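File shown: final.pdb (PDB, C-alpha atoms).
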ATOM      1  CA  MET A1211    -126.195 106.235  94.190
ATOM      2  CA  VAL A1212    -127.642 109.703  93.509
ATOM      3  CA  GLU A1213    -124.896 110.443  90.993
ATOM      4  CA  GLY A1214    -125.641 107.207  89.117
ATOM      5  CA  LEU A1215    -129.371 107.982  89.042
ATOM      6  CA  LEU A1216    -128.699 111.493  87.758
ATOM      7  CA  ARG A1217    -126.636 110.050  84.930
ATOM      8  CA  LEU A1218    -129.487 107.797  83.825
ATOM      9  CA  GLY A1219    -132.109 110.519  84.172
ATOM     10  CA  ASP A1220    -130.023 113.205  82.500
ATOM     11  CA  ASN A1221    -129.304 110.968  79.507
ATOM     12  CA  THR A1222    -132.979 110.337  78.878
ATOM     13  CA  LEU A1223    -133.908 113.950  79.613
ATOM     14  CA  VAL A1224    -131.389 115.495  77.241
ATOM     15  CA  LEU A1225    -132.028 113.005  74.449
ATOM     16  CA  GLY A1226    -135.786 113.291  74.936
ATOM     17  CA  GLN A1227    -135.531 117.065  74.613
ATOM     18  CA  ARG A1228    -133.332 116.752  71.521
ATOM     19  CA  LEU A1229    -135.772 114.373  69.822
ATOM     20  CA  SER A1230    -138.744 116.581  70.676
ATOM     21  CA  ALA A1231    -137.273 119.249  68.415
ATOM     22  CA  TRP A1232    -138.132 117.038  65.420
ATOM     23  CA  CYS A1233    -141.846 117.240  66.197
ATOM     24  CA  GLY A1234    -143.450 118.761  63.120
ATOM     25  CA  HIS A1235    -140.185 118.653  61.144
ATOM     26  CA  ALA A1236    -139.362 114.993  60.488
ATOM     27  CA  PRO A1237    -139.054 113.877  56.856
ATOM     28  CA  ALA A1238    -142.296 111.877  56.978
ATOM     29  CA  LEU A1239    -145.409 112.047  59.132
ATOM     30  CA  GLU A1240    -144.873 108.492  60.379
ATOM     31  CA  GLU A1241    -141.270 109.184  61.414
ATOM     32  CA  ASP A1242    -142.401 112.376  63.097
ATOM     33  CA  ILE A1243    -144.880 110.545  65.296
ATOM     34  CA  ALA A1244    -142.400 107.742  65.985
ATOM     35  CA  LEU A1245    -139.722 110.182  67.147
ATOM     36  CA  ALA A1246    -142.236 111.976  69.351
ATOM     37  CA  ASN A1247    -143.250 108.629  70.872
ATOM     38  CA  ILE A1248    -139.635 107.771  71.617
ATOM     39  CA  ALA A1249    -139.050 111.228  73.085
ATOM     40  CA  LEU A1250    -142.068 110.736  75.354
ATOM     41  CA  ASP A1251    -140.812 107.324  76.462
ATOM     42  CA  LEU A1252    -137.494 108.907  77.378
ATOM     43  CA  ILE A1253    -139.098 111.794  79.244
ATOM     44  CA  GLY A1254    -141.249 109.274  81.136
ATOM     45  CA  GLN A1255    -138.108 107.379  82.142
ATOM     46  CA  THR A1256    -136.557 110.687  83.185
ATOM     47  CA  GLN A1257    -139.403 111.331  85.603
ATOM     48  CA  LEU A1258    -138.715 107.982  87.245
ATOM     49  CA  TRP A1259    -134.913 108.253  87.394
ATOM     50  CA  LEU A1260    -134.773 111.885  88.489
ATOM     51  CA  GLY A1261    -137.706 111.349  90.844
ATOM     52  CA  LEU A1262    -135.773 108.577  92.561
ATOM     53  CA  ALA A1263    -132.576 110.642  92.521
ATOM     54  CA  GLY A1264    -134.338 113.512  94.295
ATOM     55  CA  GLN A1265    -135.861 111.133  96.809
ATOM     56  CA  ARG A1266    -132.533 109.485  97.628
ATOM     57  CA  GLU A1267    -130.788 112.832  97.795
ATOM     58  CA  GLY A1268    -133.272 113.852 100.481
ATOM     59  CA  GLN A1269    -133.080 117.594  99.971
ATOM     60  CA  GLY A1270    -136.593 118.150  98.764
ATOM     61  CA  ARG A1271    -135.792 118.320  95.043
ATOM     62  CA  ASP A1272    -138.264 116.534  92.783
ATOM     63  CA  ALA A1273    -137.771 115.520  89.131
ATOM     64  CA  ASP A1274    -138.925 118.909  87.801
ATOM     65  CA  ARG A1275    -136.625 120.766  90.147
ATOM     66  CA  LEU A1276    -133.692 118.679  88.979
ATOM     67  CA  ALA A1277    -134.591 119.005  85.309
ATOM     68  CA  TYR A1278    -135.288 122.719  85.210
ATOM     69  CA  HIS A1279    -133.203 124.274  87.945
ATOM     70  CA  ARG A1280    -129.741 122.894  87.415
ATOM     71  CA  ASP A1281    -127.096 124.429  85.161
ATOM     72  CA  ALA A1282    -125.046 122.710  82.480
ATOM     73  CA  TRP A1283    -122.150 121.830  84.810
ATOM     74  CA  ASP A1284    -124.573 119.985  87.122
ATOM     75  CA  PHE A1285    -125.780 117.710  84.349
ATOM     76  CA  ARG A1286    -124.414 114.178  84.205
ATOM     77  CA  ASN A1287    -125.498 113.056  80.740
ATOM     78  CA  LEU A1288    -123.191 111.531  78.148
ATOM     79  CA  LEU A1289    -121.716 113.906  75.583
ATOM     80  CA  LEU A1290    -123.335 111.794  72.850
ATOM     81  CA  VAL A1291    -126.909 112.733  73.729
ATOM     82  CA  GLU A1292    -126.286 116.483  73.836
ATOM     83  CA  GLN A1293    -124.915 116.513  70.283
ATOM     84  CA  PRO A1294    -127.186 118.550  67.981
ATOM     85  CA  ASN A1295    -129.748 116.840  65.765
ATOM     86  CA  ARG A1296    -128.211 118.134  62.520
ATOM     87  CA  ASP A1297    -129.766 116.061  59.707
ATOM     88  CA  PHE A1298    -132.056 113.044  60.088
ATOM     89  CA  GLY A1299    -129.081 110.727  59.498
ATOM     90  CA  VAL A1300    -127.097 112.144  62.420
ATOM     91  CA  THR A1301    -130.189 112.040  64.627
ATOM     92  CA  MET A1302    -130.839 108.390  63.815
ATOM     93  CA  MET A1303    -127.197 107.379  64.148
ATOM     94  CA  ARG A1304    -127.031 109.062  67.566
ATOM     95  CA  GLN A1305    -130.230 107.218  68.450
ATOM     96  CA  PHE A1306    -128.891 103.861  67.291
ATOM     97  CA  LEU A1307    -125.621 104.234  69.237
ATOM     98  CA  PHE A1308    -127.500 105.332  72.339
ATOM     99  CA  ASP A1309    -130.240 102.683  72.094
ATOM    100  CA  THR A1310    -127.708  99.896  71.652
ATOM    101  CA  TRP A1311    -125.832 101.018  74.784
ATOM    102  CA  HIS A1312    -129.016 101.902  76.689
ATOM    103  CA  LEU A1313    -130.591  98.490  76.225
ATOM    104  CA  GLU A1314    -127.506  96.715  77.596
ATOM    105  CA  VAL A1315    -127.442  99.075  80.587
ATOM    106  CA  LEU A1316    -131.117  98.511  81.367
ATOM    107  CA  LYS A1317    -130.823  94.748  80.981
ATOM    108  CA  ALA A1318    -127.987  94.826  83.514
ATOM    109  CA  LEU A1319    -129.985  97.073  85.865
ATOM    110  CA  THR A1320    -133.025  94.788  85.904
ATOM    111  CA  GLY A1321    -130.922  92.639  88.224
ATOM    112  CA  HIS A1322    -129.808  95.515  90.440
ATOM    113  CA  VAL A1323    -129.984  94.864  94.192
ATOM    114  CA  ASP A1324    -131.987  98.052  94.757
ATOM    115  CA  GLU A1325    -135.608  97.116  94.056
ATOM    116  CA  GLU A1326    -136.643 100.561  92.844
ATOM    117  CA  VAL A1327    -133.780 100.724  90.383
ATOM    118  CA  SER A1328    -134.601  97.273  89.122
ATOM    119  CA  ALA A1329    -138.318  98.135  88.777
ATOM    120  CA  ILE A1330    -137.602 101.225  86.672
ATOM    121  CA  ALA A1331    -135.206  99.246  84.504
ATOM    122  CA  GLN A1332    -137.801  96.530  83.935
ATOM    123  CA  LYS A1333    -140.336  99.066  82.724
ATOM    124  CA  ALA A1334    -137.834 100.912  80.548
ATOM    125  CA  VAL A1335    -136.318  97.815  78.970
ATOM    126  CA  LYS A1336    -139.542  97.131  77.040
ATOM    127  CA  GLU A1337    -139.633 100.631  75.621
ATOM    128  CA  VAL A1338    -135.967 100.624  74.723
ATOM    129  CA  THR A1339    -136.156  97.199  73.080
ATOM    130  CA  TYR A1340    -138.520  98.832  70.589
ATOM    131  CA  HIS A1341    -136.352 101.952  70.274
ATOM    132  CA  ARG A1342    -133.377  99.828  69.304
ATOM    133  CA  GLU A1343    -135.381  97.759  66.844
ATOM    134  CA  ARG A1344    -136.600 100.892  65.126
ATOM    135  CA  SER A1345    -133.274 102.732  64.985
ATOM    136  CA  THR A1346    -131.505  99.567  63.822
ATOM    137  CA  ASP A1347    -133.902  99.154  60.918
ATOM    138  CA  THR A1348    -133.476 102.807  59.976
ATOM    139  CA  ILE A1349    -129.676 102.555  60.052
ATOM    140  CA  ILE A1350    -129.797  99.517  57.785
ATOM    141  CA  ALA A1351    -132.342 101.020  55.401
ATOM    142  CA  LEU A1352    -130.448 104.290  55.011
ATOM    143  CA  GLY A1353    -126.932 102.806  55.160
ATOM    144  CA  ASP A1354    -127.787 100.242  52.504
ATOM    145  CA  GLY A1355    -129.969 102.698  50.626
ATOM    146  CA  THR A1356    -129.015 105.226  47.966
ATOM    147  CA  GLU A1357    -125.518 106.615  47.482
ATOM    148  CA  GLU A1358    -126.668 109.840  49.140
ATOM    149  CA  SER A1359    -128.206 108.153  52.188
ATOM    150  CA  HIS A1360    -125.227 105.804  52.538
ATOM    151  CA  ASN A1361    -122.763 108.698  52.528
ATOM    152  CA  ARG A1362    -124.792 110.630  55.062
ATOM    153  CA  MET A1363    -125.005 107.659  57.428
ATOM    154  CA  GLN A1364    -121.278 106.977  57.142
ATOM    155  CA  SER A1365    -120.438 110.607  57.856
ATOM    156  CA  ALA A1366    -122.901 110.591  60.787
ATOM    157  CA  LEU A1367    -121.107 107.544  62.194
ATOM    158  CA  ASP A1368    -117.687 109.141  61.691
ATOM    159  CA  ARG A1369    -118.887 112.328  63.370
ATOM    160  CA  LEU A1370    -120.387 110.616  66.413
ATOM    161  CA  TRP A1371    -117.840 107.841  66.897
ATOM    162  CA  PRO A1372    -115.600 109.875  69.287
ATOM    163  CA  TYR A1373    -118.574 110.020  71.680
ATOM    164  CA  VAL A1374    -119.000 106.240  71.922
ATOM    165  CA  GLY A1375    -116.041 105.586  74.229
ATOM    166  CA  GLU A1376    -117.484 107.643  77.077
ATOM    167  CA  MET A1377    -120.428 105.277  77.387
ATOM    168  CA  PHE A1378    -118.094 102.480  78.460
ATOM    169  CA  ASP A1379    -115.604 104.506  80.493
ATOM    170  CA  PRO A1380    -115.958 102.861  83.914
ATOM    171  CA  ASP A1381    -116.128 104.691  87.215
ATOM    172  CA  ASP A1382    -117.634 104.002  90.616
ATOM    173  CA  ALA A1383    -120.595 106.353  90.306
ATOM    174  CA  ASP A1384    -122.323 104.247  87.620
ATOM    175  CA  LEU A1385    -124.963 101.845  88.886
ATOM    176  CA  THR A1386    -123.451  99.043  86.852
ATOM    177  CA  ASP A1387    -119.994  98.400  85.432
ATOM    178  CA  MET A1388    -120.199  99.956  81.977
ATOM    179  CA  ALA A1389    -116.971  98.396  80.708
ATOM    180  CA  THR A1390    -118.460  94.897  80.906
ATOM    181  CA  LEU A1391    -121.220  95.934  78.478
ATOM    182  CA  ARG A1392    -118.848  96.739  75.645
ATOM    183  CA  PRO A1393    -118.591  93.253  74.088
ATOM    184  CA  ALA A1394    -122.382  92.933  73.705
ATOM    185  CA  PHE A1395    -122.532  96.458  72.279
ATOM    186  CA  ASP A1396    -119.750  95.743  69.801
ATOM    187  CA  THR A1397    -121.295  92.499  68.620
ATOM    188  CA  TYR A1398    -124.651  94.113  67.925
ATOM    189  CA  LEU A1399    -123.081  97.227  66.428
ATOM    190  CA  LEU A1400    -120.845  95.314  64.048
ATOM    191  CA  SER A1401    -123.580  93.041  62.746
ATOM    192  CA  THR A1402    -125.859  96.042  62.168
ATOM    193  CA  LEU A1403    -123.155  98.097  60.465
ATOM    194  CA  ASP A1404    -122.342  95.106  58.314
ATOM    195  CA  GLU A1405    -125.935  94.844  57.137
ATOM    196  CA  ALA A1406    -126.022  98.599  56.650
ATOM    197  CA  THR A1407    -122.807  98.459  54.547
ATOM    198  CA  LEU A1408    -121.235 100.991  56.926
ATOM    199  CA  THR A1409    -117.660 100.933  58.218
ATOM    200  CA  LYS A1410    -116.774 101.263  61.885
ATOM    201  CA  PRO A1411    -114.140 103.985  62.313
ATOM    202  CA  ASP A1412    -110.739 102.689  63.444
ATOM    203  CA  SER A1413    -110.060 105.286  66.103
ATOM    204  CA  ALA A1414    -110.497 104.494  69.801
ATOM    205  CA  PHE A1415    -110.282 108.172  70.740
ATOM    206  CA  ALA A1416    -113.042 109.206  73.129
ATOM    207  CA  HIS A1417    -114.198 112.625  74.265
ATOM    208  CA  LEU A1418    -114.855 112.440  78.003
ATOM    209  CA  GLY A1419    -116.404 114.759  80.561
ATOM    210  CA  GLY A1420    -120.193 114.469  80.098
ATOM    211  CA  LYS A1421    -121.161 111.945  82.727
ATOM    212  CA  THR A1422    -118.711 113.409  85.218
ATOM    213  CA  GLY A1423    -119.937 116.917  84.432
ATOM    214  CA  VAL A1424    -116.351 118.069  84.051
ATOM    215  CA  ARG A1425    -116.569 119.257  80.465
ATOM    216  CA  HIS A1426    -119.812 119.285  78.529
ATOM    217  CA  THR A1427    -119.775 120.429  74.916
ATOM    218  CA  GLU A1428    -120.987 123.927  74.147
ATOM    219  CA  HIS A1429    -124.243 122.494  72.798
ATOM    220  CA  LEU A1430    -125.707 121.539  76.178
ATOM    221  CA  GLY A1431    -126.006 125.074  77.521
ATOM    222  CA  HIS A1432    -127.896 126.276  74.457
ATOM    223  CA  MET A1433    -130.306 123.379  74.691
ATOM    224  CA  LEU A1434    -130.918 123.899  78.392
ATOM    225  CA  ALA A1435    -131.563 127.601  77.838
ATOM    226  CA  THR A1436    -134.478 126.697  75.575
ATOM    227  CA  MET A1437    -135.670 123.844  77.774
ATOM    228  CA  GLN A1438    -135.519 125.724  81.068
ATOM    229  CA  VAL A1439    -136.590 129.242  80.160
ATOM    230  CA  LEU A1440    -140.238 128.872  81.047
ATOM    231  CA  PRO A1441    -140.003 127.358  84.549
ATOM    232  CA  ARG A1442    -137.114 129.697  85.355
ATOM    233  CA  SER A1443    -138.926 132.826  84.219
ATOM    234  CA  TYR A1444    -142.211 131.798  85.831
ATOM    235  CA  PRO A1445    -141.200 129.602  88.776
ATOM    236  CA  ASP A1446    -144.734 128.761  89.858
ATOM    237  CA  ALA A1447    -146.121 128.167  86.387
ATOM    238  CA  LYS A1448    -148.455 125.184  86.044
ATOM    239  CA  TRP A1449    -149.212 123.392  82.790
TER     240      TRP A1449
ATOM    241  CA  MET B  90    -142.106 108.673  39.646
ATOM    242  CA  SER B  91    -143.241 109.511  43.155
ATOM    243  CA  ASN B  92    -140.778 109.927  46.018
ATOM    244  CA  GLU B  93    -143.413 108.808  48.512
ATOM    245  CA  TRP B  94    -143.090 105.466  50.227
ATOM    246  CA  PRO B  95    -145.785 103.007  49.153
ATOM    247  CA  LEU B  96    -149.172 103.191  50.840
ATOM    248  CA  TRP B  97    -150.250 100.503  53.328
ATOM    249  CA  GLU B  98    -153.654  99.828  54.830
ATOM    250  CA  VAL B  99    -153.653  99.103  58.555
ATOM    251  CA  PHE B 100    -155.925  96.648  60.374
ATOM    252  CA  ILE B 101    -155.921  96.340  64.145
ATOM    253  CA  ARG B 102    -157.499  93.794  66.445
ATOM    254  CA  GLY B 103    -158.721  95.296  69.700
ATOM    255  CA  GLN B 104    -158.481  93.940  73.214
ATOM    256  CA  HIS B 105    -161.469  91.656  73.297
ATOM    257  CA  GLY B 106    -161.028  89.059  70.609
ATOM    258  CA  LEU B 107    -162.811  91.030  67.920
ATOM    259  CA  SER B 108    -161.706  90.649  64.341
ATOM    260  CA  HIS B 109    -159.163  93.014  62.814
ATOM    261  CA  ARG B 110    -160.694  96.307  61.737
ATOM    262  CA  HIS B 111    -159.462  98.780  59.200
ATOM    263  CA  VAL B 112    -158.186 101.818  61.087
ATOM    264  CA  GLY B 113    -156.453 103.856  58.413
ATOM    265  CA  SER B 114    -153.422 103.950  56.171
ATOM    266  CA  LEU B 115    -149.821 105.077  56.226
ATOM    267  CA  HIS B 116    -146.665 105.236  54.136
ATOM    268  CA  ALA B 117    -143.716 102.900  54.693
ATOM    269  CA  SER B 118    -140.770 101.525  52.757
ATOM    270  CA  ASP B 119    -141.470  97.840  53.415
ATOM    271  CA  ALA B 120    -143.694  95.533  55.462
ATOM    272  CA  GLU B 121    -141.578  95.607  58.632
ATOM    273  CA  HIS B 122    -141.393  99.382  58.467
ATOM    274  CA  ALA B 123    -145.151  99.527  57.936
ATOM    275  CA  LEU B 124    -145.717  97.435  61.089
ATOM    276  CA  GLN B 125    -143.480  99.750  63.109
ATOM    277  CA  ASN B 126    -145.203 102.817  61.734
ATOM    278  CA  ALA B 127    -148.607 101.304  62.430
ATOM    279  CA  ARG B 128    -147.529 100.636  65.989
ATOM    280  CA  ASP B 129    -146.432 104.240  66.366
ATOM    281  CA  VAL B 130    -149.319 105.893  64.572
ATOM    282  CA  TYR B 131    -152.297 103.713  65.491
ATOM    283  CA  THR B 132    -151.606 102.009  68.842
ATOM    284  CA  ARG B 133    -150.444 104.942  70.962
ATOM    285  CA  ARG B 134    -153.486 104.665  73.206
ATOM    286  CA  LYS B 135    -153.545 100.898  73.673
ATOM    287  CA  GLU B 136    -155.919 100.397  70.773
ATOM    288  CA  GLY B 137    -154.860  96.905  69.920
ATOM    289  CA  LEU B 138    -153.137  93.600  70.410
ATOM    290  CA  SER B 139    -152.473  92.640  66.828
ATOM    291  CA  ILE B 140    -151.649  94.569  63.681
ATOM    292  CA  TRP B 141    -152.013  93.611  60.030
ATOM    293  CA  VAL B 142    -150.601  95.740  57.267
ATOM    294  CA  VAL B 143    -151.485  95.224  53.625
ATOM    295  CA  PRO B 144    -150.039  97.025  50.619
ATOM    296  CA  ALA B 145    -152.856  99.273  49.424
ATOM    297  CA  ALA B 146    -151.955  98.374  45.827
ATOM    298  CA  ASP B 147    -152.824  94.730  46.561
ATOM    299  CA  ILE B 148    -156.377  95.506  47.569
ATOM    300  CA  THR B 149    -158.936  94.969  44.838
ATOM    301  CA  ALA B 150    -161.951  97.152  45.478
ATOM    302  CA  SER B 151    -165.401  97.227  43.907
ATOM    303  CA  ALA B 152    -166.077 100.248  41.732
ATOM    304  CA  PRO B 153    -168.469 102.872  43.168
ATOM    305  CA  ASP B 154    -170.234 103.318  39.801
ATOM    306  CA  GLU B 155    -171.218  99.640  39.735
ATOM    307  CA  LYS B 156    -173.258 100.236  42.852
ATOM    308  CA  GLY B 157    -176.514  99.828  40.960
ATOM    309  CA  SER B 158    -175.852  96.439  39.470
ATOM    310  CA  LEU B 159    -174.002  95.102  42.524
ATOM    311  CA  TYR B 160    -176.284  96.107  45.366
ATOM    312  CA  ASP B 161    -179.686  97.304  44.197
ATOM    313  CA  PRO B 162    -180.905  93.807  43.250
ATOM    314  CA  ALA B 163    -180.823  92.903  46.965
ATOM    315  CA  ASP B 164    -183.253  95.723  47.778
ATOM    316  CA  ASP B 165    -186.448  93.752  47.023
ATOM    317  CA  LYS B 166    -185.354  90.430  48.447
ATOM    318  CA  VAL B 167    -186.408  90.936  52.043
ATOM    319  CA  TYR B 168    -187.077  87.206  52.334
ATOM    320  CA  ARG B 169    -183.281  86.758  52.566
ATOM    321  CA  HIS B 170    -183.446  88.088  56.119
ATOM    322  CA  PRO B 171    -184.327  85.357  58.620
ATOM    323  CA  THR B 172    -186.707  87.753  60.373
ATOM    324  CA  PHE B 173    -188.884  87.718  57.225
ATOM    325  CA  PHE B 174    -190.256  84.350  58.178
ATOM    326  CA  ASP B 175    -192.786  83.632  60.889
ATOM    327  CA  ILE B 176    -191.466  80.907  63.126
ATOM    328  CA  PRO B 177    -194.195  78.598  64.414
ATOM    329  CA  ASP B 178    -194.396  78.774  68.206
ATOM    330  CA  ASP B 179    -193.811  75.075  68.663
ATOM    331  CA  VAL B 180    -190.370  75.322  67.056
ATOM    332  CA  GLY B 181    -189.173  76.916  70.262
ATOM    333  CA  ALA B 182    -186.116  79.102  70.603
ATOM    334  CA  MET B 183    -184.011  79.332  67.465
TER     335      MET B 183
END

What's the structure tokens form of this structure?
Amino acid sequence: MVEGLLRLGDNTLVLGQRLSAWCGHAPALEEDIALANIALDLIGQTQLWLGLAGQREGQGRDADRLAYHRDAWDFRNLLLVEQPNRDFGVTMMRQFLFDTWHLEVLKALTGHVDEEVSAIAQKAVKEVTYHRERSTDTIIALGDGTEESHNRMQSALDRLWPYVGEMFDPDDADLTDMATLRPAFDTYLLSTLDEATLTKPDSAFAHLGGKTGVRHTEHLGHMLATMQVLPRSYPDAKW
Amino acid sequence: MSNEWPLWEVFIRGQHGLSHRHVGSLHASDAEHALQNARDVYTRRKEGLSIWVVPAADITASAPDEKGSLYDPADDKVYRHPTFFDIPDDVGAM
């Protein structure tokens, strides 16, 4: 149970931190605020998931403790979310792939037997429904946009595709069977890519090791160093 | 030609059945995008229950330098306000 909660909380934490880096840098003011809103939604969900994880673990660790005082190998997030922002196209493609998976996961978890898990999922599903709507529209607008934007979105998809398989790689620690979510993901993905005039890569190759913590990419450690430096240098800091 | 997205004016209706009020403007590529941006820019603190977006280019506005001819003539027509008239007591509450 704790492992499954950490996976959910670490996904939203790492992606929330990644998106926050766009604050003040996005290509338009409106997109800047939208990304910050989504990042805040994800950080809010993190507080709930990691808060519950700490509670169930029963060793006195709260959400902050889990977020700021674990090292890269203790993190259980998907490799997809720790991938660097790169350009706006890569950021939005990562977002679209994650949102599409995330919404299916949360919909499944709303029916979870554990009432606290189901309550968090019910709150998050509303936020993520909007996240997916927004990233979908962006993928379509940029994919079916100019030659430049189309090429960037296709190369973003090609770059991130090897990180899709991990989302559906089933194991017992997940709070729901991820493999059963693949058909709904594929249906939505294909219809969106079709509208966006983008081509799904043929390869089924998947990098694994994020959600098991076995082998994160080198990017996670760098991100955590930035994210954790303050509470680690000043353990009792309040803000 | 400008690289900016077109400008949209945003109107939001608050919680209590009031009419939509102009709250500001934003840039967006199309109407759907403008609604999403309005949601993100102008309803972050639960400001509203309904959003209208209107292309700014479609708004026809009166010209400030016609102020004299448009509005001054109303200055000396106080009798257009209902309070100008004395209501006889036996009319009762209006």

Name all residues at most 8 Å from range 1367-1369 of chain A (count all atoms listed in the file; drop same-chain ones fewer than 5 positions away) and give them as a PDB file with C-alpha atoms, keeping the file's coordinate frame.
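This went into result_11.pdb:
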ATOM      1  CA  VAL A1300    -127.097 112.144  62.420  1.00  0.00           C
ATOM      2  CA  MET A1303    -127.197 107.379  64.148  1.00  0.00           C
ATOM      3  CA  LYS A1410    -116.774 101.263  61.885  1.00  0.00           C
ATOM      4  CA  PRO A1411    -114.140 103.985  62.313  1.00  0.00           C
TER       5      PRO A1411
END

Here's the selection I'm unsure about, the PyMOL selection byres ((chain A and resi 1386-1389) around 9); applied to the file above, which residues does it give, as a list in words?
Gly1214, Val1315, Ala1318, Leu1319, His1322, Met1377, Phe1378, Asp1379, Pro1380, Asp1381, Asp1382, Ala1383, Asp1384, Leu1385, Thr1390, Leu1391, Arg1392 and Pro1393 of chain A

Quick check: residues of chain A within 7 Å of chain B, all atoms listed in the file, returned as a tab-separated table (two decimals) with C-alpha atoms, in the coordinates of the input.
chain	number	residue	atom	x	y	z
A	1240	GLU	CA	-144.87	108.49	60.38
A	1243	ILE	CA	-144.88	110.54	65.30
A	1244	ALA	CA	-142.40	107.74	65.98

Non-local contacts of Ser139 in chain B (8 Å; all atoms listed in the file; under 5 positions in same chain excluded) as a VMD selection string:
chain B and resid 101 to 103 109

Return as a PyMOL selection string the set of residues that the PyMOL selection byres ((chain A and resi 1417) around 12) yields on the displayed structure.
chain A and resi 1288-1290+1369-1379+1413-1416+1418-1422+1424-1427

If you measure from CA of Gly1264 in chain A to CA of Leu1276 in chain A, what distance in Å do you get, rounded to one decimal?
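CA of Leu1276 in chain A lies 7.4 Å from CA of Gly1264 in chain A.
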
Six-sided padding of 6 Å per side, axis-aligned box over range 140-143 of chain B, centre and edges in Å, one decimal, as lines of an AutoDock Vina configuration file:
center_x = -151.3
center_y = 94.7
center_z = 58.7
size_x = 13.4
size_y = 14.1
size_z = 22.1

The PyMOL selection byres ((chain B and resi 146) around 9) resolved against shown file, as an MDAnalysis selection string
chainID B and resid 95:97 143:145 147:149

Fewer than 5 positions away in the same chain doesn't count, so skip those; otherwise give me all residues within 12 Å of Asp1446 in chain A, counting all atoms listed in the file, as a VMD selection string.
chain A and resid 1274 to 1275 1440 to 1441

What would the file look like if the residues just selected were written as a short mmCIF file (atom, residue, chain, number, x, y, z; two decimals), keeping the file's coordinate frame with C-alpha atoms?
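Below is the file again.cif, written as the result:
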data_model
loop_
_atom_site.label_atom_id
_atom_site.label_comp_id
_atom_site.auth_asym_id
_atom_site.auth_seq_id
_atom_site.Cartn_x
_atom_site.Cartn_y
_atom_site.Cartn_z
CA ASP A 1274 -138.93 118.91 87.80
CA ARG A 1275 -136.62 120.77 90.15
CA LEU A 1440 -140.24 128.87 81.05
CA PRO A 1441 -140.00 127.36 84.55
#

Atomic distance CA of Asp1309 in chain A - CA of Thr1356 in chain A, expressed in Å with one decimal
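Answer for the CA of Asp1309 in chain A to CA of Thr1356 in chain A separation: 24.3 Å.
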
Counting all atoms listed in the file, the residue of A:Ala1263, A:Val1212, A:Leu1239, A:Gly1254 that sits nearest Ser114 in chain B
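Of A:Ala1263, A:Val1212, A:Leu1239, A:Gly1254, the one nearest Ser114 in chain B, counting all atoms listed in the file, is A:Leu1239.
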
For Phe100 in chain B, list every protein, DNA or RNA residue within 6 Å, evaluated using only C-alpha atoms, and leave out those in the same chain fewer than 3 positions away; present the list as JSON, numbers by chain.
{"B": [109, 110, 111, 112, 140, 141]}

When you count only C-alpha atoms, which of these residues is closest to Arg1344 in chain A: A:Val1291, A:Leu1258, A:Ala1406, A:Ile1248?
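Looking at the shortest contact to Arg1344 in chain A, the residue is A:Ile1248.
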
Just save range 1275-1290 of chain A with C-alpha atoms, as a tab-separated table (two decimals), in the first residue's frame.
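Done, and the output landed in part_12.tsv:
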chain	number	residue	atom	x	y	z
A	1275	ARG	CA	9.71	14.68	5.14
A	1276	LEU	CA	9.06	12.28	2.29
A	1277	ALA	CA	9.41	14.96	-0.38
A	1278	TYR	CA	12.56	16.63	0.89
A	1279	HIS	CA	14.49	14.00	2.78
A	1280	ARG	CA	14.62	11.05	0.45
A	1281	ASP	CA	17.30	10.46	-2.18
A	1282	ALA	CA	16.81	9.65	-5.85
A	1283	TRP	CA	16.87	5.86	-5.34
A	1284	ASP	CA	13.99	6.15	-2.85
A	1285	PHE	CA	11.75	7.88	-5.35
A	1286	ARG	CA	9.06	5.83	-7.07
A	1287	ASN	CA	7.99	8.14	-9.89
A	1288	LEU	CA	7.77	7.13	-13.54
A	1289	LEU	CA	10.80	7.89	-15.69
A	1290	LEU	CA	8.54	9.98	-17.94
